[in-house]
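J.: Pasting model_22.txt below, which is compact mmCIF, N, CA and C atoms.
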```
# COMPACT_ATOMS: atom_id res chain seq x y z
N MET A 1 -17.82 -109.95 70.12
CA MET A 1 -17.74 -110.67 71.36
C MET A 1 -18.11 -112.14 71.14
N LEU A 2 -19.41 -112.46 71.02
CA LEU A 2 -19.83 -113.84 70.87
C LEU A 2 -19.48 -114.41 69.51
N ASP A 3 -19.44 -113.57 68.47
CA ASP A 3 -19.15 -114.07 67.13
C ASP A 3 -17.70 -114.50 66.98
N ARG A 4 -16.84 -114.11 67.90
CA ARG A 4 -15.43 -114.47 67.82
C ARG A 4 -15.06 -115.61 68.77
N ASP A 5 -15.98 -116.08 69.58
CA ASP A 5 -15.70 -117.13 70.56
C ASP A 5 -15.86 -118.49 69.90
N PRO A 6 -14.74 -119.23 69.70
CA PRO A 6 -14.82 -120.52 69.02
C PRO A 6 -15.52 -121.59 69.86
N LEU A 7 -15.72 -121.35 71.15
CA LEU A 7 -16.38 -122.33 72.01
C LEU A 7 -17.89 -122.28 71.89
N TRP A 8 -18.43 -121.23 71.29
CA TRP A 8 -19.87 -121.09 71.15
C TRP A 8 -20.30 -121.58 69.77
N THR A 9 -21.36 -122.38 69.73
CA THR A 9 -21.92 -122.82 68.45
C THR A 9 -22.75 -121.68 67.87
N PRO A 10 -23.06 -121.76 66.59
CA PRO A 10 -23.94 -120.72 66.01
C PRO A 10 -25.29 -120.65 66.73
N GLU A 11 -25.80 -121.79 67.17
CA GLU A 11 -27.08 -121.80 67.88
C GLU A 11 -26.96 -121.09 69.23
N GLN A 12 -25.85 -121.31 69.92
CA GLN A 12 -25.65 -120.63 71.20
C GLN A 12 -25.50 -119.13 71.01
N ARG A 13 -24.84 -118.73 69.94
CA ARG A 13 -24.71 -117.29 69.66
C ARG A 13 -26.08 -116.68 69.37
N LEU A 14 -26.93 -117.44 68.67
CA LEU A 14 -28.29 -116.96 68.40
C LEU A 14 -29.07 -116.79 69.70
N ILE A 15 -29.00 -117.77 70.58
CA ILE A 15 -29.70 -117.69 71.86
C ILE A 15 -29.18 -116.51 72.69
N ALA A 16 -27.86 -116.34 72.72
CA ALA A 16 -27.28 -115.21 73.46
C ALA A 16 -27.77 -113.89 72.87
N ALA A 17 -27.88 -113.82 71.55
CA ALA A 17 -28.37 -112.59 70.90
C ALA A 17 -29.83 -112.33 71.28
N ILE A 18 -30.63 -113.38 71.41
CA ILE A 18 -32.03 -113.22 71.83
C ILE A 18 -32.09 -112.67 73.25
N LEU A 19 -31.28 -113.22 74.14
CA LEU A 19 -31.27 -112.74 75.54
C LEU A 19 -30.78 -111.30 75.62
N ILE A 20 -29.73 -110.98 74.88
CA ILE A 20 -29.20 -109.61 74.86
C ILE A 20 -30.23 -108.67 74.25
N GLY A 21 -30.91 -109.13 73.20
CA GLY A 21 -31.95 -108.30 72.57
C GLY A 21 -33.10 -108.01 73.52
N ALA A 22 -33.46 -108.98 74.33
CA ALA A 22 -34.53 -108.75 75.32
C ALA A 22 -34.09 -107.71 76.34
N TYR A 23 -32.84 -107.81 76.79
CA TYR A 23 -32.32 -106.82 77.74
C TYR A 23 -32.30 -105.43 77.09
N ARG A 24 -31.90 -105.38 75.83
CA ARG A 24 -31.89 -104.10 75.11
C ARG A 24 -33.30 -103.54 74.99
N ASP A 25 -34.28 -104.41 74.73
CA ASP A 25 -35.67 -103.95 74.64
C ASP A 25 -36.17 -103.41 75.98
N VAL A 26 -35.74 -104.03 77.09
CA VAL A 26 -36.12 -103.53 78.41
C VAL A 26 -35.63 -102.11 78.58
N LEU A 27 -34.45 -101.81 78.05
CA LEU A 27 -33.85 -100.49 78.21
C LEU A 27 -34.20 -99.53 77.08
N THR A 28 -35.29 -99.82 76.38
CA THR A 28 -35.73 -98.94 75.30
C THR A 28 -36.73 -97.93 75.84
N ASP A 29 -36.38 -96.68 75.74
CA ASP A 29 -37.29 -95.60 76.11
C ASP A 29 -38.04 -95.23 74.83
N ILE A 30 -39.30 -95.57 74.76
CA ILE A 30 -40.10 -95.37 73.54
C ILE A 30 -40.04 -93.92 73.07
N GLU A 31 -40.11 -92.97 74.00
CA GLU A 31 -40.16 -91.55 73.62
C GLU A 31 -38.86 -91.06 72.99
N SER A 32 -37.71 -91.54 73.44
CA SER A 32 -36.44 -91.06 72.88
C SER A 32 -35.87 -92.02 71.86
N ARG A 33 -36.58 -93.09 71.57
CA ARG A 33 -36.07 -94.13 70.70
C ARG A 33 -35.75 -93.66 69.29
N SER A 34 -36.55 -92.78 68.76
CA SER A 34 -36.39 -92.40 67.37
C SER A 34 -35.00 -91.87 67.05
N GLU A 35 -34.40 -91.11 67.94
CA GLU A 35 -33.07 -90.58 67.60
C GLU A 35 -31.95 -91.48 68.07
N SER A 36 -32.19 -92.37 69.01
CA SER A 36 -31.09 -93.12 69.58
C SER A 36 -30.78 -94.43 68.86
N TRP A 37 -31.79 -95.18 68.46
CA TRP A 37 -31.54 -96.45 67.79
C TRP A 37 -32.29 -96.48 66.47
N ALA A 38 -32.07 -95.49 65.65
CA ALA A 38 -32.81 -95.36 64.40
C ALA A 38 -32.51 -96.49 63.42
N ASP A 39 -31.39 -97.19 63.61
CA ASP A 39 -31.03 -98.24 62.68
C ASP A 39 -31.73 -99.57 62.95
N SER A 40 -32.44 -99.70 64.06
CA SER A 40 -33.12 -100.97 64.35
C SER A 40 -34.63 -100.83 64.20
N ALA A 41 -35.28 -101.97 64.19
CA ALA A 41 -36.73 -101.99 64.01
C ALA A 41 -37.44 -101.27 65.16
N PRO A 42 -38.58 -100.67 64.86
CA PRO A 42 -39.32 -99.96 65.91
C PRO A 42 -39.72 -100.89 67.06
N VAL A 43 -39.62 -100.40 68.26
CA VAL A 43 -40.03 -101.16 69.44
C VAL A 43 -41.24 -100.45 70.04
N GLN A 44 -42.28 -101.20 70.27
CA GLN A 44 -43.50 -100.65 70.84
C GLN A 44 -43.51 -100.91 72.35
N GLN A 45 -44.39 -100.21 73.06
CA GLN A 45 -44.50 -100.39 74.50
C GLN A 45 -44.76 -101.84 74.86
N ASN A 46 -45.59 -102.51 74.08
CA ASN A 46 -45.90 -103.92 74.32
C ASN A 46 -44.63 -104.77 74.25
N ASP A 47 -43.71 -104.43 73.33
CA ASP A 47 -42.44 -105.16 73.22
C ASP A 47 -41.60 -105.00 74.48
N VAL A 48 -41.57 -103.80 75.01
CA VAL A 48 -40.82 -103.53 76.24
C VAL A 48 -41.43 -104.35 77.39
N ASP A 49 -42.74 -104.34 77.49
CA ASP A 49 -43.41 -105.08 78.56
C ASP A 49 -43.18 -106.58 78.42
N ARG A 50 -43.23 -107.10 77.18
CA ARG A 50 -42.97 -108.53 76.97
C ARG A 50 -41.53 -108.89 77.32
N ALA A 51 -40.59 -108.01 76.99
CA ALA A 51 -39.19 -108.26 77.33
C ALA A 51 -39.00 -108.29 78.84
N ILE A 52 -39.67 -107.37 79.54
CA ILE A 52 -39.58 -107.36 81.01
C ILE A 52 -40.14 -108.67 81.57
N ARG A 53 -41.30 -109.08 81.06
CA ARG A 53 -41.90 -110.33 81.55
C ARG A 53 -41.01 -111.52 81.23
N PHE A 54 -40.48 -111.56 80.01
CA PHE A 54 -39.60 -112.66 79.59
C PHE A 54 -38.40 -112.79 80.52
N LEU A 55 -37.81 -111.68 80.89
CA LEU A 55 -36.61 -111.71 81.72
C LEU A 55 -36.89 -111.77 83.22
N THR A 56 -38.13 -111.59 83.65
CA THR A 56 -38.40 -111.53 85.10
C THR A 56 -39.44 -112.52 85.61
N ASP A 57 -40.29 -113.06 84.75
CA ASP A 57 -41.36 -113.93 85.24
C ASP A 57 -40.81 -115.11 86.03
N ARG A 58 -41.52 -115.45 87.11
CA ARG A 58 -41.13 -116.59 87.95
C ARG A 58 -41.71 -117.90 87.42
N SER A 59 -42.82 -117.83 86.71
CA SER A 59 -43.46 -119.02 86.17
C SER A 59 -44.22 -118.64 84.91
N GLY A 60 -44.76 -119.64 84.24
CA GLY A 60 -45.54 -119.39 83.04
C GLY A 60 -44.71 -119.59 81.78
N PRO A 61 -45.33 -119.35 80.63
CA PRO A 61 -44.67 -119.61 79.35
C PRO A 61 -43.38 -118.81 79.13
N ALA A 62 -43.40 -117.54 79.51
CA ALA A 62 -42.20 -116.71 79.31
C ALA A 62 -41.04 -117.23 80.16
N ALA A 63 -41.31 -117.60 81.39
CA ALA A 63 -40.27 -118.13 82.28
C ALA A 63 -39.74 -119.46 81.76
N ARG A 64 -40.63 -120.31 81.27
CA ARG A 64 -40.18 -121.60 80.73
C ARG A 64 -39.29 -121.40 79.51
N LEU A 65 -39.70 -120.49 78.61
CA LEU A 65 -38.90 -120.22 77.42
C LEU A 65 -37.54 -119.64 77.79
N ARG A 66 -37.53 -118.65 78.70
CA ARG A 66 -36.27 -118.06 79.16
C ARG A 66 -35.36 -119.13 79.76
N ASN A 67 -35.91 -119.97 80.62
CA ASN A 67 -35.10 -120.99 81.25
C ASN A 67 -34.57 -122.00 80.24
N HIS A 68 -35.38 -122.33 79.23
CA HIS A 68 -34.92 -123.23 78.18
C HIS A 68 -33.75 -122.60 77.41
N TYR A 69 -33.92 -121.35 76.99
CA TYR A 69 -32.84 -120.66 76.27
C TYR A 69 -31.59 -120.57 77.14
N CYS A 70 -31.76 -120.22 78.40
CA CYS A 70 -30.61 -120.09 79.29
C CYS A 70 -29.90 -121.43 79.46
N ASP A 71 -30.66 -122.52 79.57
CA ASP A 71 -30.04 -123.84 79.67
C ASP A 71 -29.16 -124.13 78.47
N LEU A 72 -29.60 -123.70 77.30
CA LEU A 72 -28.84 -123.97 76.07
C LEU A 72 -27.49 -123.26 76.02
N VAL A 73 -27.35 -122.19 76.80
CA VAL A 73 -26.07 -121.46 76.84
C VAL A 73 -25.39 -121.56 78.20
N GLY A 74 -25.88 -122.47 79.05
CA GLY A 74 -25.22 -122.72 80.32
C GLY A 74 -25.44 -121.67 81.39
N ILE A 75 -26.61 -121.03 81.35
CA ILE A 75 -26.96 -120.02 82.36
C ILE A 75 -28.17 -120.52 83.13
N ASP A 76 -28.22 -120.26 84.42
CA ASP A 76 -29.41 -120.58 85.21
C ASP A 76 -30.43 -119.47 84.99
N GLY A 77 -31.53 -119.79 84.30
CA GLY A 77 -32.54 -118.79 83.97
C GLY A 77 -33.22 -118.17 85.17
N ASP A 78 -33.36 -118.94 86.25
CA ASP A 78 -33.98 -118.39 87.46
C ASP A 78 -33.06 -117.37 88.13
N VAL A 79 -31.76 -117.61 88.08
CA VAL A 79 -30.80 -116.65 88.63
C VAL A 79 -30.80 -115.38 87.78
N LEU A 80 -30.84 -115.55 86.46
CA LEU A 80 -30.92 -114.39 85.56
C LEU A 80 -32.16 -113.56 85.89
N ALA A 81 -33.31 -114.23 86.06
CA ALA A 81 -34.56 -113.53 86.35
C ALA A 81 -34.48 -112.81 87.70
N GLU A 82 -33.91 -113.46 88.69
CA GLU A 82 -33.78 -112.83 90.01
C GLU A 82 -32.90 -111.59 89.93
N ARG A 83 -31.79 -111.69 89.20
CA ARG A 83 -30.92 -110.51 89.04
C ARG A 83 -31.63 -109.40 88.30
N MET A 84 -32.39 -109.76 87.27
CA MET A 84 -33.11 -108.75 86.50
C MET A 84 -34.14 -108.06 87.39
N ARG A 85 -34.86 -108.84 88.20
CA ARG A 85 -35.83 -108.23 89.12
C ARG A 85 -35.13 -107.29 90.10
N ARG A 86 -33.98 -107.70 90.62
CA ARG A 86 -33.23 -106.86 91.56
C ARG A 86 -32.73 -105.58 90.87
N MET A 87 -32.32 -105.69 89.58
CA MET A 87 -31.89 -104.49 88.85
C MET A 87 -33.08 -103.54 88.66
N LEU A 88 -34.23 -104.10 88.29
CA LEU A 88 -35.41 -103.26 88.06
C LEU A 88 -35.95 -102.68 89.36
N ASP A 89 -35.74 -103.38 90.47
CA ASP A 89 -36.13 -102.85 91.78
C ASP A 89 -35.17 -101.78 92.26
N GLY A 90 -34.00 -101.67 91.63
CA GLY A 90 -33.01 -100.67 92.04
C GLY A 90 -32.00 -101.20 93.04
N ASP A 91 -32.05 -102.51 93.34
CA ASP A 91 -31.10 -103.09 94.29
C ASP A 91 -29.73 -103.36 93.67
N LEU A 92 -29.69 -103.50 92.35
CA LEU A 92 -28.44 -103.71 91.62
C LEU A 92 -28.39 -102.71 90.47
N PRO A 93 -27.18 -102.29 90.07
CA PRO A 93 -27.09 -101.40 88.91
C PRO A 93 -27.40 -102.16 87.62
N MET A 94 -27.93 -101.45 86.64
CA MET A 94 -28.19 -102.06 85.33
C MET A 94 -27.03 -101.72 84.41
N PRO A 95 -26.29 -102.73 83.95
CA PRO A 95 -25.14 -102.47 83.09
C PRO A 95 -25.52 -101.75 81.80
N HIS A 96 -24.60 -100.92 81.34
CA HIS A 96 -24.77 -100.22 80.06
C HIS A 96 -24.75 -101.26 78.96
N ILE A 97 -25.62 -101.14 77.96
CA ILE A 97 -25.73 -102.17 76.94
C ILE A 97 -24.74 -102.02 75.80
N ALA A 98 -24.09 -100.88 75.68
CA ALA A 98 -23.12 -100.70 74.62
C ALA A 98 -21.86 -101.50 74.95
N TYR A 99 -21.19 -101.99 73.93
CA TYR A 99 -19.95 -102.73 74.17
C TYR A 99 -18.86 -101.79 74.69
N GLU A 100 -18.93 -100.54 74.27
CA GLU A 100 -17.96 -99.56 74.73
C GLU A 100 -18.66 -98.26 75.04
N VAL A 101 -18.32 -97.67 76.16
CA VAL A 101 -18.79 -96.33 76.47
C VAL A 101 -17.77 -95.39 75.86
N PRO A 102 -18.19 -94.36 75.13
CA PRO A 102 -17.23 -93.47 74.46
C PRO A 102 -16.16 -92.93 75.41
N SER A 103 -14.95 -92.79 74.88
CA SER A 103 -13.85 -92.30 75.72
C SER A 103 -13.85 -90.77 75.79
N ASN A 104 -14.41 -90.11 74.78
CA ASN A 104 -14.52 -88.65 74.80
C ASN A 104 -15.40 -88.27 76.00
N PRO A 105 -14.91 -87.42 76.90
CA PRO A 105 -15.66 -87.10 78.13
C PRO A 105 -17.08 -86.60 77.88
N GLU A 106 -17.26 -85.74 76.89
CA GLU A 106 -18.60 -85.20 76.64
C GLU A 106 -19.53 -86.28 76.07
N SER A 107 -19.03 -87.07 75.13
CA SER A 107 -19.83 -88.17 74.57
C SER A 107 -20.15 -89.21 75.63
N ARG A 108 -19.17 -89.49 76.47
CA ARG A 108 -19.37 -90.45 77.55
C ARG A 108 -20.46 -89.96 78.50
N LYS A 109 -20.41 -88.67 78.84
CA LYS A 109 -21.40 -88.09 79.74
C LYS A 109 -22.80 -88.20 79.15
N ARG A 110 -22.94 -87.90 77.85
CA ARG A 110 -24.24 -88.00 77.18
C ARG A 110 -24.73 -89.45 77.14
N ALA A 111 -23.82 -90.38 76.81
CA ALA A 111 -24.20 -91.80 76.73
C ALA A 111 -24.66 -92.32 78.09
N LEU A 112 -23.95 -91.97 79.13
CA LEU A 112 -24.33 -92.42 80.47
C LEU A 112 -25.62 -91.76 80.94
N ALA A 113 -25.85 -90.51 80.54
CA ALA A 113 -27.10 -89.83 80.89
C ALA A 113 -28.28 -90.50 80.18
N ARG A 114 -28.11 -90.84 78.89
CA ARG A 114 -29.16 -91.55 78.15
C ARG A 114 -29.44 -92.90 78.81
N HIS A 115 -28.37 -93.58 79.20
CA HIS A 115 -28.53 -94.88 79.86
C HIS A 115 -29.32 -94.72 81.17
N ALA A 116 -28.99 -93.70 81.95
CA ALA A 116 -29.69 -93.45 83.22
C ALA A 116 -31.18 -93.19 82.96
N GLU A 117 -31.50 -92.45 81.89
CA GLU A 117 -32.90 -92.19 81.54
C GLU A 117 -33.61 -93.48 81.17
N ARG A 118 -32.93 -94.34 80.40
CA ARG A 118 -33.53 -95.62 80.00
C ARG A 118 -33.75 -96.53 81.20
N VAL A 119 -32.81 -96.52 82.13
CA VAL A 119 -32.96 -97.33 83.35
C VAL A 119 -34.16 -96.83 84.14
N ALA A 120 -34.30 -95.52 84.27
CA ALA A 120 -35.44 -94.95 85.00
C ALA A 120 -36.75 -95.34 84.32
N TYR A 121 -36.77 -95.30 83.00
CA TYR A 121 -37.97 -95.67 82.24
C TYR A 121 -38.29 -97.15 82.45
N ALA A 122 -37.27 -98.02 82.38
CA ALA A 122 -37.48 -99.46 82.57
C ALA A 122 -38.00 -99.73 83.98
N ARG A 123 -37.46 -99.05 84.96
CA ARG A 123 -37.92 -99.25 86.34
C ARG A 123 -39.35 -98.75 86.52
N ALA A 124 -39.72 -97.69 85.83
CA ALA A 124 -41.10 -97.19 85.89
C ALA A 124 -42.05 -98.21 85.26
N ARG A 125 -41.65 -98.79 84.13
CA ARG A 125 -42.48 -99.82 83.49
C ARG A 125 -42.61 -101.03 84.40
N TRP A 126 -41.52 -101.45 85.04
CA TRP A 126 -41.52 -102.57 85.97
C TRP A 126 -42.48 -102.30 87.12
N PHE A 127 -42.42 -101.10 87.67
CA PHE A 127 -43.32 -100.71 88.76
C PHE A 127 -44.77 -100.78 88.28
N HIS A 128 -45.03 -100.23 87.09
CA HIS A 128 -46.38 -100.24 86.52
C HIS A 128 -46.90 -101.66 86.32
N LEU A 129 -46.06 -102.53 85.77
CA LEU A 129 -46.48 -103.90 85.50
C LEU A 129 -46.74 -104.70 86.77
N ASN A 130 -46.15 -104.28 87.87
CA ASN A 130 -46.31 -105.01 89.12
C ASN A 130 -47.38 -104.43 90.03
N GLN A 131 -48.07 -103.40 89.58
CA GLN A 131 -49.16 -102.84 90.36
C GLN A 131 -50.38 -103.72 90.18
N PRO A 132 -51.11 -104.00 91.26
CA PRO A 132 -52.34 -104.79 91.11
C PRO A 132 -53.34 -104.02 90.26
N THR A 133 -54.13 -104.76 89.52
CA THR A 133 -55.14 -104.11 88.69
C THR A 133 -56.22 -103.50 89.57
N SER A 134 -56.96 -102.56 89.03
CA SER A 134 -58.01 -101.91 89.83
C SER A 134 -59.05 -102.92 90.27
N THR A 135 -59.32 -103.95 89.46
CA THR A 135 -60.29 -104.97 89.83
C THR A 135 -59.82 -105.76 91.05
N SER A 136 -58.54 -106.16 91.06
CA SER A 136 -58.05 -106.93 92.20
C SER A 136 -57.98 -106.05 93.44
N ARG A 137 -57.67 -104.76 93.27
CA ARG A 137 -57.67 -103.84 94.42
C ARG A 137 -59.07 -103.70 94.98
N ALA A 138 -60.07 -103.60 94.09
CA ALA A 138 -61.45 -103.47 94.55
C ALA A 138 -61.87 -104.72 95.30
N ARG A 139 -61.50 -105.92 94.78
CA ARG A 139 -61.82 -107.16 95.48
C ARG A 139 -61.17 -107.18 96.85
N SER A 140 -59.92 -106.73 96.91
CA SER A 140 -59.18 -106.72 98.16
C SER A 140 -59.84 -105.80 99.18
N VAL A 141 -60.28 -104.63 98.72
CA VAL A 141 -60.93 -103.67 99.61
C VAL A 141 -62.25 -104.26 100.09
N ARG A 142 -63.02 -104.88 99.18
CA ARG A 142 -64.31 -105.50 99.56
C ARG A 142 -64.10 -106.60 100.58
N SER A 143 -63.11 -107.46 100.36
CA SER A 143 -62.90 -108.57 101.29
C SER A 143 -62.43 -108.05 102.64
N THR A 144 -61.62 -106.98 102.66
CA THR A 144 -61.18 -106.38 103.92
C THR A 144 -62.37 -105.77 104.63
N ALA A 145 -63.24 -105.10 103.89
CA ALA A 145 -64.43 -104.48 104.49
C ALA A 145 -65.34 -105.55 105.09
N THR A 146 -65.47 -106.69 104.44
CA THR A 146 -66.32 -107.76 104.94
C THR A 146 -65.77 -108.30 106.25
N VAL A 147 -64.44 -108.46 106.32
CA VAL A 147 -63.81 -108.97 107.54
C VAL A 147 -64.01 -107.99 108.69
N ILE A 148 -63.90 -106.70 108.41
CA ILE A 148 -64.04 -105.68 109.45
C ILE A 148 -65.46 -105.63 109.95
N LEU A 149 -66.45 -105.76 109.06
CA LEU A 149 -67.86 -105.69 109.46
C LEU A 149 -68.20 -106.95 110.16
```
Rewrite the structure from the file as structure tokens, please.

T.:
Amino acid sequence: MLDRDPLWTPEQRLIAAILIGAYRDVLTDIESRSESWADSAPVQQNDVDRAIRFLTDRSGPAARLRNHYCDLVGIDGDVLAERMRRMLDGDLPMPHIAYEVPSNPESRKRALARHAERVAYARARWFHLNQPTSTSRARSVRSTATVIL
């Protein structure tokens, strides 16, 4: 795809590969990873969480880096992040990451089922990462109790 496009520089292809790799990391189910992507380097839970933050953060270092990379390939990084947040929230479908879904009906069914599992896993991680910490919840409860008293 990108390697055959004469309008893209090698640097732009590298940036696009980084963005695609982050999306692929978001869709990595750590538990089923061993049999599905055995040819690539191991991905840890922390890598999945960093990829989610990189593609969704509204501000901070990850958002600045994403926006810089996106600018280099002519994409609005904030729009990309908003779409990614909407996909992880379940408001938009998450595209399959393979260039081709198998045409064999049984293989296609298995590939789409694996993709659905990975999407569910990514959405669960997104939900987990967006939950307030127990410390902030305790502060919130204390401040609410103070107002009530």

J.: Considering only alpha helix (DSSP H) as DSSP defines it on the backbone, what residues of segment 48-120 of chain A qualify? List them as a PyMOL selection string.

T.: chain A and resi 48-56+61-72+77-89+105-120

J.: Report the distance between atom CA of Pro10 of chain A and atom C of His96 of chain A in Å, rounded to one decimal place.

T.: 23.4 Å

J.: List the spatial neighbours of segment 12-26 of chain A as a list in words - criterion: any atom at most 7 Å away, all atoms listed in the file, same-chain residues fewer than 6 positions off excluded.

T.: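 Everything that qualifies: Leu2, Asp3, Asp47, Val48, Asp49, Ala51, Ile52, Tyr69, Leu72, Val73, Ile97, Arg118, Tyr121 and Ala122 of chain A.
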
J.: Report, in Å to a single decimal, how far apart atom N of Val79 of chain A and atom N of Ser59 of chain A are.

T.: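 Distance between the two atoms: 11.1 Å.
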
J.: Please provide as a PyMOL selection string all residues within 7 Å of segment 123-130 of chain A, with the sequence filter that same-chain residues fewer than 4 positions apart are discarded (counting only C-alpha atoms).

T.: chain A and resi 88-89+119

J.: Using all atoms listed in the file, can you tell me which of A:Pro95, A:Ile75, A:Thr9, A:Leu65 comes closest to His115 of chain A?

T.: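 For His115 of chain A, the nearest of the given residues is A:Pro95.
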
J.: Check the smallest atom-to-atom distance from each of A:Trp8, A:Pro132, A:Asn46, A:Asp57 to Arg85 of chain A using only C-alpha atoms, then report the winner.

T.: A:Asp57

J.: Taking every listed atom of segment 80-90 of chain A and adding 4 Å to each side, what centre and edge lengths in Å (one decimal) does the axis-aligned box have, as lines of an AutoDock Vina configuration file?

T.:
```
center_x = -33.5
center_y = -108.1
center_z = 89.3
size_x = 13.3
size_y = 22.9
size_z = 15.5
```

J.: For a quick check of understanding, using only C-alpha atoms, which of A:Arg50, A:Gln45, A:Glu117, A:Pro61 has the smallest distance to Met94 of chain A?

T.: A:Glu117

J.: With distances taken over only C-alpha atoms, which of A:Thr28, A:Ser103, A:Met84, A:Asp71 is nearest to Phe54 of chain A?

T.: A:Met84

J.: May I ask for the distance between atom CA of Arg83 of chain A and atom C of Ala120 of chain A, given in Å to one decimal place?

T.: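 Computed distance, atom CA of Arg83 of chain A to atom C of Ala120 of chain A, equals 16.9 Å.
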
J.: Considering only C-alpha atoms, state which residue in the set A:Arg66, A:Asp78, A:Gly60, A:Ala116 is at the smallest distance from Pro93 of chain A.

T.: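 That would be A:Ala116, the residue with the smallest distance to Pro93 of chain A.
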
J.: Find the residue from A:Leu7, A:Ala81, A:Leu27, A:Leu92 that sits nearest to Arg114 of chain A; use only C-alpha atoms when measuring.

T.: A:Leu27
